[in-house]
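This report concerns only the one structure given below.
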Amino acid sequence: MLTKDIAEALSARLEGDGTIEIGRLVHPARAERPSDLAIAMSADAAAALAQTRARAVVVSAKEPVRSGVFSAVIAVEDPRMALALLTALFDAGPPHDEGVHPTAILGAGVVLGEGVSIGAYAVIGARSRIGSGTVILSQVTIGADVTIGAGGLLHSGVRVGHGCALGDRIIIHANAVIGADGFSFAPDLMSPAAFGAGVAVTRVHSLGAVAIGDDVEIGACTTIDRATLECTRIGRGTKIDDHVHIGHNVSVGEGCIICGMVGISGSVVLGDRVRLGGGVGIADHVRIGDQAIVAAGSGVATNVAPGSFVSGYPAVPHQRTMEQLIYLGRQKRLHQKVEAMISRLDALECAIKK
Amino acid sequence: MLTKDIAEALSARLEGDGTIEIGRLVHPARAERPSDLAIAMSADAAAALAQTRARAVVVSAKEPVRSGVFSAVIAVEDPRMALALLTALFDAGPPHDEGVHPTAILGAGVVLGEGVSIGAYAVIGARSRIGSGTVILSQVTIGADVTIGAGGLLHSGVRVGHGCALGDRIIIHANAVIGADGFSFAPDLMSPAAFGAGVAVTRVHSLGAVAIGDDVEIGACTTIDRATLECTRIGRGTKIDDHVHIGHNVSVGEGCIICGMVGISGSVVLGDRVRLGGGVGIADHVRIGDQAIVAAGSGVATNVAPGSFVSGYPAVPHQRTMEQLIYLGRQKRLHQKVEAMISRLDALECAIKK
Amino acid sequence: MLTKDIAEALSARLEGDGTIEIGRLVHPARAERPSDLAIAMSADAAAALAQTRARAVVVSAKEPVRSGVFSAVIAVEDPRMALALLTALFDAGPPHDEGVHPTAILGAGVVLGEGVSIGAYAVIGARSRIGSGTVILSQVTIGADVTIGAGGLLHSGVRVGHGCALGDRIIIHANAVIGADGFSFAPDLMSPAAFGAGVAVTRVHSLGAVAIGDDVEIGACTTIDRATLECTRIGRGTKIDDHVHIGHNVSVGEGCIICGMVGISGSVVLGDRVRLGGGVGIADHVRIGDQAIVAAGSGVATNVAPGSFVSGYPAVPHQRTMEQLIYLGRQKRLHQKVEAMISRLDALECAIKK
């Protein structure tokens, strides 16, 4: 790819030579070859430009470099978006063979779209359908009657249970599990009604499945459980990090961001564009409104209004959390003040009695 | 299955036609065929009955429907238990081939009970024994010298390390790991004694195994580490959700409920019928008494008495947690009160001096 | 192994018969055979010596046993270190076949050192290099262009993505994932700048890899994501428990201890010998200094100084956390004191006005 093509893809200004063939993106300190493009859009990386061997660089338009030092300078207005576009240009994805590996096992009635790749020792259940161009890496398991859209990528060790339906351009990272059974019992043992002794536990079986919209990404070792009767749902464009647990009957809206180690209990409803920080836990049946934000590490026990920003355990509006923290920090002084007042009161009472 | 058989299985009253052949359970809004049984035991689902195409319905006896609207009405006293029984009746389990798949690899001396199924690319170590009727799905790994009881179900990607012993009717969901090594070092690095600089870390190896009782269920991506010398133990009937970590040397009693993302450190002892909410963490060597309950998100640093209900970080009796939360909410007002009192004191002292 | 050899390996005093052939280590209560060595270095286990059938025992030098009761007594100064050395002596590791299993699939140009073992259905990508004596168990996936050092052990279901580099004597437990893509988007959606409606999410691709030093151990179901351009780094001798998540661009120093269920966000920097308790969460870009300790369950939002000990959410110096907890416990009394003072003030004001 030529420097001028890269600048055009970024809608960025190019100064210098537009015909340098770029082979890879590197930190300025790692540049070795004329085909290296040094990425110096952060303050850290920009400082490293002083000693780089790179000839072609990408910098922030806010921190321009001196003319003439480099053969080609691409200056971008929005460094983070530029990073997204640049890395997409150079991402060849995980190396894999084309076509269906001879050791892959396809059940009866499996239907593969054009250009589907299936890796070694993958197992695809009967009647499952995989859309064109989707890449299934080695050792993946797809259950029976599964539908996967076009242009997807499933990494090694992913398990998709029978009956689940996944949209187009899905990315699922290694060892994630879609469609394990929900954790559901009668009586509902975390409810006060079941706190008595000798309660027998009867399993509620999971007859439903999981339905995942287009452009969803799911992290490594993440689990999304199937519903009791219908579908656990993940809306279009939602991005889910590693080690996330999404319980049975949950409905996640579109465009949500769910960071690592979030735990979402059964029957929770998330609106659209909800953002959950890392390690958030959400109690069952809670509803979180559109565009709400839950700060990392919070525990949500009650419904969250659309557009609100909550934090803490239990989660309350973030401003109140901050206020509580400030007062917590002043506790010692408050106790001292109260003790001082008691002394003054004692003295006053003494004076008055005289 | 006929409507009258279902009513009988639920010990429920049937009104109308007992001879309708039922093929599946559905939410009232999804009913399409005469063989659909609409499950309308919740307020939500009951509301959907107004527009359902279902002819046969299950409702709560507390919210009866008008006679004559449906061909068959099954009215249950305990909706949640009815859901458990109903879903069990219709759960065919994950589709799989009978018998041992030709690509499954069995080590020397493996003993299989009657009707055992082993899926594609599963690997069973030498001398392991699997009880009758147990289903091992594709790509499972069983180490050497493992014992698994009868009637179990191990989903794809489950790993059971050498020497572990599992009871009857075990269910283990995809990608769970039984029998990884414990996380144990000398000196014990989280102890104050080891806080000095330059401490060398020496591994304590895990020579023990994991022993799991009958009727235990283990969630996807859950890990149970092997003991140092003996066995990490999970008691009969205990149910464990996804992403749970149970450390080395832990002993979990019978009939416990362990929700998602719980972390149990080494050498913890849980009594019987203990219930841990989602995301709970328990420090090493802590003992939790029979029938104790730990609220979701709590961090347990000290022993918990039998039958108690604790919450918070560090966990204390739940009533105290609630009290602390109430006072936390009143901090601002308390500060204001104190400031007001100081003004009044100033005024009083001034008045007295005159 | 003879009792005298064991005593020598432990640098411990042996009393009695040095020629007993020991076959295994057991808790005193489990000793059955003359070749069993009873481990009785804890108070619990020492109590069990009263009824043991063991002839050879290891005890703490601080709690010596009576002479003449056992055939051989090994008395150690440091029980925990002795446990580490003893368990290492008797750990044969997971049983596995030598050599490359005929079902293992090796890509073009794979280079194996002497004595490498590769299990059934493992898949090794093109041009990857595995050092001498390393054991890869069944169903492991190694991507293309991966380097793994000598003397390592990778358990079943481990996934190592393309381009990653691992040192010597690495241990990785089952179903861990090294080199999944980072969770990174433009705009950075957890930042305030991105809180507005209608923000489009663009993926930042992960072109980097993961680099892991010598003697690192990684727990079951742990995930370490690849960097955007360079390498996510784990320093030599660092030990990582199960269910840990280490985000993209993170740098972990040498000799760190990271307990179970820790979540480390993108671009965090950990110094050397840092210790993180279970369930700790660390916000992105935070720096934790050498030998700092973070207590279990803490949420770290800001940098942590070298050598400090922090706890709580958000994490502050542990002493301050303890102080806050003490004051929290006194809140009720404080409120009562303030109410009592108000009454006294009322009375005083009343008295003065008269």
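Just so we're on the same page: first chain in the structure tokens is A, next is B, and so on; residues restart at 1 for each chain, and ligands are numbered from 1 in the order they show up.
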Applying 6 Å and only C-alpha atoms, which residues near His173 in chain B remain after dropping the ones on its own chain fewer than 6 positions away? List them as a short mmCIF file (atom, residue, chain, number, x, y, z; two decimals) with all heavy atoms, in the first residue's frame.
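The resulting file, selection.cif, is reproduced below:
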```cif
data_model
loop_
_atom_site.label_atom_id
_atom_site.label_comp_id
_atom_site.auth_asym_id
_atom_site.auth_seq_id
_atom_site.Cartn_x
_atom_site.Cartn_y
_atom_site.Cartn_z
N HIS B 155 -20.11 -31.45 27.98
CA HIS B 155 -20.19 -30.70 26.73
C HIS B 155 -18.80 -30.51 26.10
O HIS B 155 -17.77 -30.72 26.75
CB HIS B 155 -20.83 -29.35 27.00
CG HIS B 155 -22.32 -29.43 27.20
ND1 HIS B 155 -23.23 -29.21 26.21
CD2 HIS B 155 -23.05 -29.75 28.31
CE1 HIS B 155 -24.46 -29.36 26.68
NE2 HIS B 155 -24.38 -29.68 27.95
N GLY B 219 -20.84 -24.98 35.39
CA GLY B 219 -21.09 -24.10 34.26
C GLY B 219 -19.93 -23.97 33.28
O GLY B 219 -18.81 -24.42 33.53
N ALA B 220 -20.22 -23.32 32.18
CA ALA B 220 -19.23 -23.12 31.12
C ALA B 220 -18.06 -22.29 31.63
O ALA B 220 -18.24 -21.35 32.40
CB ALA B 220 -19.90 -22.41 29.94
#
```
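Excluding Gly237 in chain A and any residue on its chain fewer than 4 positions from it, the residues at most 10 Å away by only C-alpha atoms are Arg169, Ile170, Ile212, Gly213, Asp214, Asp215, Val216, Glu217, Gly253, Glu254, Gly255, Cys256, Ile257, Asp272 and Arg273 of chain A; Ala200 and Val201 of chain C.
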At a cut-off of 6 Å, which residues of chain B touch chain A? Count only C-alpha atoms and give the answer as a count of residues only.
6
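As for CA of Asp290 in chain A and CA of Ala40 in chain B, they are spaced 28.0 Å apart.
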Could you pull the residues within 12 Å of Ile20 in chain C, counting only C-alpha atoms, minus those fewer than 5 positions along the same chain, as number ranges by chain?
C: 1-7, 14, 33-37, 54-57, 70-73
Do you have the CA of Val135 in chain A-CA of Gly115 in chain A distance handy?
8.6 Å
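One distance worth recording is that between CA of Cys231 in chain C and CA of Gly167 in chain C, which is 14.0 Å.
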I need the strand (DSSP E or B) residues of range 52-225 of chain C per DSSP on the backbone, written as number ranges by chain.
C: 56-60, 72-76, 100, 105-106, 111-112, 117-118, 123-124, 129-130, 135-136, 141-142, 147-148, 153-154, 159-160, 165-166, 171-172, 177-180, 185-186, 202-203, 209-212, 217-218, 223-225
